[in-house]
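Enquirer: Below you'll find the structure I mean.
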Protein chains: 2
Amino acid sequence: MSDTPLPHFRAALGPGDWEQVAVHAYKQEAGVPFKDITRRLLFSSPALGCELRYFEMAPGGYSTLERHEHVHAVLILRGRGQCLVGNEVRAIDTNDLVYIPAMTWHQFRATEAEPLGFLCMVNATRDKPRLPSAEELTELKSDPAIARFLAD
Amino acid sequence: MSDTPLPHFRAALGPGDWEQVAVHAYKQEAGVPFKDITRRLLFSSPALGCELRYFEMAPGGYSTLERHEHVHAVLILRGRGQCLVGNEVRAIDTNDLVYIPAMTWHQFRATEAEPLGFLCMVNATRDKPRLPSAEELTELKSDPAIARFLAD
């Protein structure tokens, strides 16, 4: 969280791009699987209990398959794709809402045709994501729909 | 804040409309000035320190001119218009970001041509908005740009 006061106005420069909003690597950890995804921190302030981030995947990109105690409140801002929440795979389209409860496996995947961008509201104080063990991954893939989703 | 678990997926039904998201009156208090505006609560959960709301003004509509201790983190989801933050009036367009610090006068206004819809992230626990006194309104209107904005 930054203590720098937020500007009152920051204009959109194009889809998924804003003035005075830096583009960050999605994750810094080694060995964490993801593909073609960036992260932008839109709102972070000591005055707010949450942060609002924007994640964007290039066509064919995907976020890390993970779970954690903190929850995610997501609005798809741009494009379409697929999303795993728990044991459910769903098609997602612009402006759809996705809620990821505590300790629930989740992953976002863009289509091959276009970028997928989403807003994610998250508590400012939160735990670190956990990756699936080999056993947990095998268990997840025992569902054919999840196996297809993860293989795409 | 609701204790009802949030659905994992809620599809957008059209601009500013979602399945399983109720449309509420903007405010319930008598004597508070606003025009042609609705409120939707997109995400509210005991697991989240903030709520994400969606406000939509019909063409020519406007929110209440007010201030409060809690801050607002806003993303314009639909349309364009004008916004007052403190002593600055700015044109706002789709996807622009607006931050409203504590105790800062603010108002959103749609154009006459189209609806204006915005996401607003706000702390779940917050103080009640305060309206300007006659003296504060006179002081605000001493700035010609603000006087024109409020007269629109």
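Residues are referred to by chain and number: the chain letter is A, B, ... according to the order shown in the structure tokens, the number counts from 1 in that chain, and ligands are numbered separately from 1 in the order shown.
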Do you know which residues are at most 8 Å from His68 of chain B counting only C-alpha atoms, after dropping those on the same chain fewer than 3 positions away, and could you put them as a list in words?

Expert: Val71, Ala102, Met103, Thr104, Asp127, Lys128, Pro129 and Arg130 of chain B

Enquirer: Taking only C-alpha atoms into account, find every residue of chain B that has an atom no more than 10 Å from chain A, and write it out as a CSV table (one decimal) with N, CA and C atoms, in the first residue's frame.

Expert:
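As a result, out_29.csv now contains:
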chain,number,residue,atom,x,y,z
B,5,PRO,N,-24.2,-15.5,1.3
B,5,PRO,CA,-23.0,-15.7,0.4
B,5,PRO,C,-23.2,-15.2,-1.0
B,6,LEU,N,-22.2,-14.6,-1.5
B,6,LEU,CA,-22.3,-14.1,-2.9
B,6,LEU,C,-22.3,-15.2,-3.9
B,7,PRO,N,-23.1,-15.1,-5.0
B,7,PRO,CA,-22.9,-16.1,-6.1
B,7,PRO,C,-21.5,-16.0,-6.7
B,8,HIS,N,-21.0,-17.2,-7.1
B,8,HIS,CA,-19.7,-17.1,-7.8
B,8,HIS,C,-19.7,-16.4,-9.1
B,9,PHE,N,-20.8,-16.5,-9.8
B,9,PHE,CA,-20.9,-15.9,-11.2
B,9,PHE,C,-22.2,-15.2,-11.3
B,10,ARG,N,-22.1,-13.9,-11.7
B,10,ARG,CA,-23.4,-13.2,-12.1
B,10,ARG,C,-23.1,-12.5,-13.4
B,11,ALA,N,-23.8,-12.9,-14.4
B,11,ALA,CA,-23.6,-12.4,-15.8
B,11,ALA,C,-24.1,-11.0,-16.0
B,12,ALA,N,-23.5,-10.2,-16.8
B,12,ALA,CA,-24.0,-8.9,-17.2
B,12,ALA,C,-25.2,-9.1,-18.1
B,13,LEU,N,-26.3,-8.4,-17.9
B,13,LEU,CA,-27.5,-8.6,-18.8
B,13,LEU,C,-27.5,-7.5,-19.8
B,14,GLY,N,-26.8,-6.5,-19.6
B,14,GLY,CA,-26.7,-5.3,-20.5
B,14,GLY,C,-25.9,-4.3,-19.8
B,15,PRO,N,-25.8,-3.1,-20.4
B,15,PRO,CA,-25.0,-2.0,-19.8
B,15,PRO,C,-25.6,-1.7,-18.4
B,16,GLY,N,-24.8,-1.8,-17.3
B,16,GLY,CA,-25.3,-1.4,-16.0
B,16,GLY,C,-26.3,-2.3,-15.4
B,17,ASP,N,-26.4,-3.5,-15.9
B,17,ASP,CA,-27.5,-4.4,-15.4
B,17,ASP,C,-26.9,-5.9,-15.3
B,18,TRP,N,-27.2,-6.5,-14.1
B,18,TRP,CA,-26.6,-7.8,-13.8
B,18,TRP,C,-27.7,-8.7,-13.3
B,19,GLU,N,-27.5,-10.0,-13.5
B,19,GLU,CA,-28.4,-11.0,-12.9
B,19,GLU,C,-28.1,-11.0,-11.4
B,42,LEU,N,-22.9,-4.3,-5.9
B,42,LEU,CA,-22.3,-5.4,-6.7
B,42,LEU,C,-21.6,-6.4,-5.7
B,43,PHE,N,-20.8,-5.9,-4.8
B,43,PHE,CA,-20.1,-6.8,-3.9
B,43,PHE,C,-20.2,-6.3,-2.5
B,44,SER,N,-20.7,-7.0,-1.5
B,44,SER,CA,-20.7,-6.7,-0.1
B,44,SER,C,-20.6,-8.0,0.6
B,45,SER,N,-19.6,-8.1,1.5
B,45,SER,CA,-19.4,-9.4,2.2
B,45,SER,C,-18.7,-9.1,3.5
B,47,ALA,N,-16.4,-10.7,4.5
B,47,ALA,CA,-15.0,-11.0,4.2
B,47,ALA,C,-14.2,-9.9,3.6
B,48,LEU,N,-14.9,-8.8,3.2
B,48,LEU,CA,-14.3,-7.7,2.5
B,48,LEU,C,-14.4,-6.4,3.3
B,49,GLY,N,-13.3,-5.7,3.3
B,49,GLY,CA,-13.3,-4.4,4.0
B,49,GLY,C,-14.0,-3.3,3.3
B,50,CYS,N,-14.3,-3.5,2.0
B,50,CYS,CA,-15.0,-2.5,1.2
B,50,CYS,C,-16.2,-3.1,0.5
B,51,GLU,N,-17.0,-2.2,0.0
B,51,GLU,CA,-18.1,-2.6,-0.9
B,51,GLU,C,-17.9,-2.0,-2.3
B,52,LEU,N,-18.4,-2.7,-3.3
B,52,LEU,CA,-18.3,-2.2,-4.6
B,52,LEU,C,-19.8,-1.9,-5.1
B,69,GLU,N,-16.2,11.9,5.7
B,69,GLU,CA,-14.8,11.4,6.1
B,69,GLU,C,-14.4,10.3,5.2
B,70,HIS,N,-15.3,9.4,4.8
B,70,HIS,CA,-14.8,8.2,4.0
B,70,HIS,C,-14.5,8.7,2.6
B,71,VAL,N,-13.6,7.9,1.9
B,71,VAL,CA,-13.2,8.2,0.6
B,71,VAL,C,-13.9,7.4,-0.4
B,72,HIS,N,-13.9,7.8,-1.7
B,72,HIS,CA,-14.4,7.1,-2.8
B,72,HIS,C,-13.4,6.8,-3.8
B,73,ALA,N,-13.4,5.6,-4.3
B,73,ALA,CA,-12.5,5.2,-5.5
B,73,ALA,C,-13.4,4.8,-6.6
B,74,VAL,N,-13.4,5.6,-7.7
B,74,VAL,CA,-14.4,5.5,-8.7
B,74,VAL,C,-13.8,5.1,-10.1
B,75,LEU,N,-14.5,4.3,-10.8
B,75,LEU,CA,-14.1,4.0,-12.2
B,75,LEU,C,-15.4,4.2,-13.0
B,76,ILE,N,-15.3,5.0,-14.1
B,76,ILE,CA,-16.5,5.3,-14.9
B,76,ILE,C,-16.7,4.0,-15.8
B,77,LEU,N,-17.8,3.4,-15.7
B,77,LEU,CA,-18.0,2.1,-16.4
B,77,LEU,C,-18.7,2.4,-17.7
B,83,CYS,N,-17.6,15.9,-13.4
B,83,CYS,CA,-17.4,15.6,-12.0
B,83,CYS,C,-16.7,16.8,-11.3
B,84,LEU,N,-17.3,17.1,-10.1
B,84,LEU,CA,-16.6,18.1,-9.2
B,84,LEU,C,-15.9,17.3,-8.1
B,85,VAL,N,-14.6,17.6,-7.9
B,85,VAL,CA,-13.9,17.1,-6.8
B,85,VAL,C,-13.2,18.2,-6.1
B,86,GLY,N,-13.6,18.6,-4.9
B,86,GLY,CA,-13.0,19.8,-4.3
B,86,GLY,C,-13.4,21.0,-5.0
B,88,GLU,N,-12.4,21.5,-8.3
B,88,GLU,CA,-12.1,21.2,-9.7
B,88,GLU,C,-13.2,20.5,-10.4
B,90,ARG,N,-14.2,18.5,-13.8
B,90,ARG,CA,-13.5,17.9,-14.9
B,90,ARG,C,-14.5,17.1,-15.8
B,91,ALA,N,-14.2,17.0,-17.1
B,91,ALA,CA,-14.9,16.1,-17.9
B,91,ALA,C,-14.4,14.7,-17.6
B,92,ILE,N,-15.4,13.7,-17.6
B,92,ILE,CA,-15.0,12.3,-17.3
B,92,ILE,C,-15.6,11.5,-18.4
B,93,ASP,N,-14.9,10.4,-18.7
B,93,ASP,CA,-15.2,9.5,-19.8
B,93,ASP,C,-15.1,8.1,-19.4
B,94,THR,N,-15.6,7.2,-20.2
B,94,THR,CA,-15.6,5.8,-19.8
B,94,THR,C,-14.2,5.3,-19.5
B,95,ASN,N,-14.1,4.6,-18.3
B,95,ASN,CA,-12.9,4.0,-17.8
B,95,ASN,C,-12.0,4.9,-17.0
B,96,ASP,N,-12.3,6.2,-17.0
B,96,ASP,CA,-11.5,7.2,-16.2
B,96,ASP,C,-11.6,6.8,-14.7
B,97,LEU,N,-10.6,7.2,-14.0
B,97,LEU,CA,-10.5,7.0,-12.6
B,97,LEU,C,-10.7,8.3,-11.8
B,98,VAL,N,-11.5,8.2,-10.7
B,98,VAL,CA,-11.7,9.4,-9.9
B,98,VAL,C,-11.5,9.0,-8.4
B,99,TYR,N,-10.7,9.8,-7.7
B,99,TYR,CA,-10.5,9.5,-6.3
B,99,TYR,C,-11.0,10.8,-5.5
B,100,ILE,N,-11.9,10.5,-4.6
B,100,ILE,CA,-12.5,11.6,-3.8
B,100,ILE,C,-11.9,11.4,-2.3
B,101,PRO,N,-11.0,12.3,-1.9
B,101,PRO,CA,-10.4,12.2,-0.6
B,101,PRO,C,-11.5,12.6,0.5
B,102,ALA,N,-11.1,12.4,1.7
B,102,ALA,CA,-11.9,12.7,2.9
B,102,ALA,C,-12.4,14.2,2.9
B,119,LEU,N,-18.5,2.7,-11.2
B,119,LEU,CA,-18.3,1.8,-10.0
B,119,LEU,C,-17.7,2.7,-8.9
B,121,MET,N,-15.9,2.1,-5.1
B,121,MET,CA,-15.4,1.3,-4.0
B,121,MET,C,-15.3,2.2,-2.8
B,122,VAL,N,-15.8,1.6,-1.7
B,122,VAL,CA,-16.0,2.4,-0.5
B,122,VAL,C,-15.8,1.5,0.7
B,123,ASN,N,-15.3,2.0,1.8
B,123,ASN,CA,-15.2,1.2,3.0
B,123,ASN,C,-16.5,0.7,3.5
B,124,ALA,N,-16.6,-0.5,4.0
B,124,ALA,CA,-17.9,-1.1,4.4
B,124,ALA,C,-18.4,-0.3,5.6
B,125,THR,N,-17.5,0.1,6.5
B,125,THR,CA,-17.9,0.9,7.7
B,125,THR,C,-17.5,2.4,7.4

Enquirer: Which residue gives the smallest distance to Leu116 of chain A among A:Pro144, A:Glu56, A:Arg40, A:Leu65, with only C-alpha atoms counted?

Expert: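 Using only C-alpha atoms, Leu116 of chain A sits closest to A:Glu56.
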
Enquirer: Suppose you want the space between atom CA of Arg67 of chain A and atom CA of Ala22 of chain B; what is it in Å?

Expert: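 These atoms are spaced 29.2 Å apart.
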
Enquirer: If you run DSSP on the backbone here, which positions in chain A get strand (DSSP E or B)? Please write them as number ranges by chain.

Expert: A: 9-10, 12-14, 17-18, 24-25, 35-43, 50-62, 66-67, 72-78, 81-85, 88-92, 97-100, 106-110, 116-123, 130

Enquirer: Could you give me, as a count of residues only, the residues within 8 Å of Phe108 of chain A, counting only C-alpha atoms and dropping anything in the same chain fewer than 4 positions from it?

Expert: 7

Enquirer: Please compute the atom CA of Gly60 of chain A-atom CA of Ala145 of chain A distance, one decimal, in Å.

Expert: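 Distance between the two atoms: 18.1 Å.
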
Enquirer: To one decimal in Å, tell me the separation between atom CA of Phe55 of chain A and atom CA of Thr111 of chain A.

Expert: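 Rounded to one decimal, the two atoms are 14.8 Å apart.
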
Enquirer: Kindly indicate which residue among B:Phe149, B:Phe118, B:Tyr54, B:Tyr26 lies nearest to Thr38 of chain B, using only C-alpha atoms for the distances.

Expert: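 For Thr38 of chain B, the nearest of the given residues is B:Tyr26.
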
Enquirer: Please return, as a ChimeraX atom specification, all residues of chain A that DSSP assigns to alpha helix (DSSP H) on the basis of the backbone.

Expert: /A:134-141,144-151
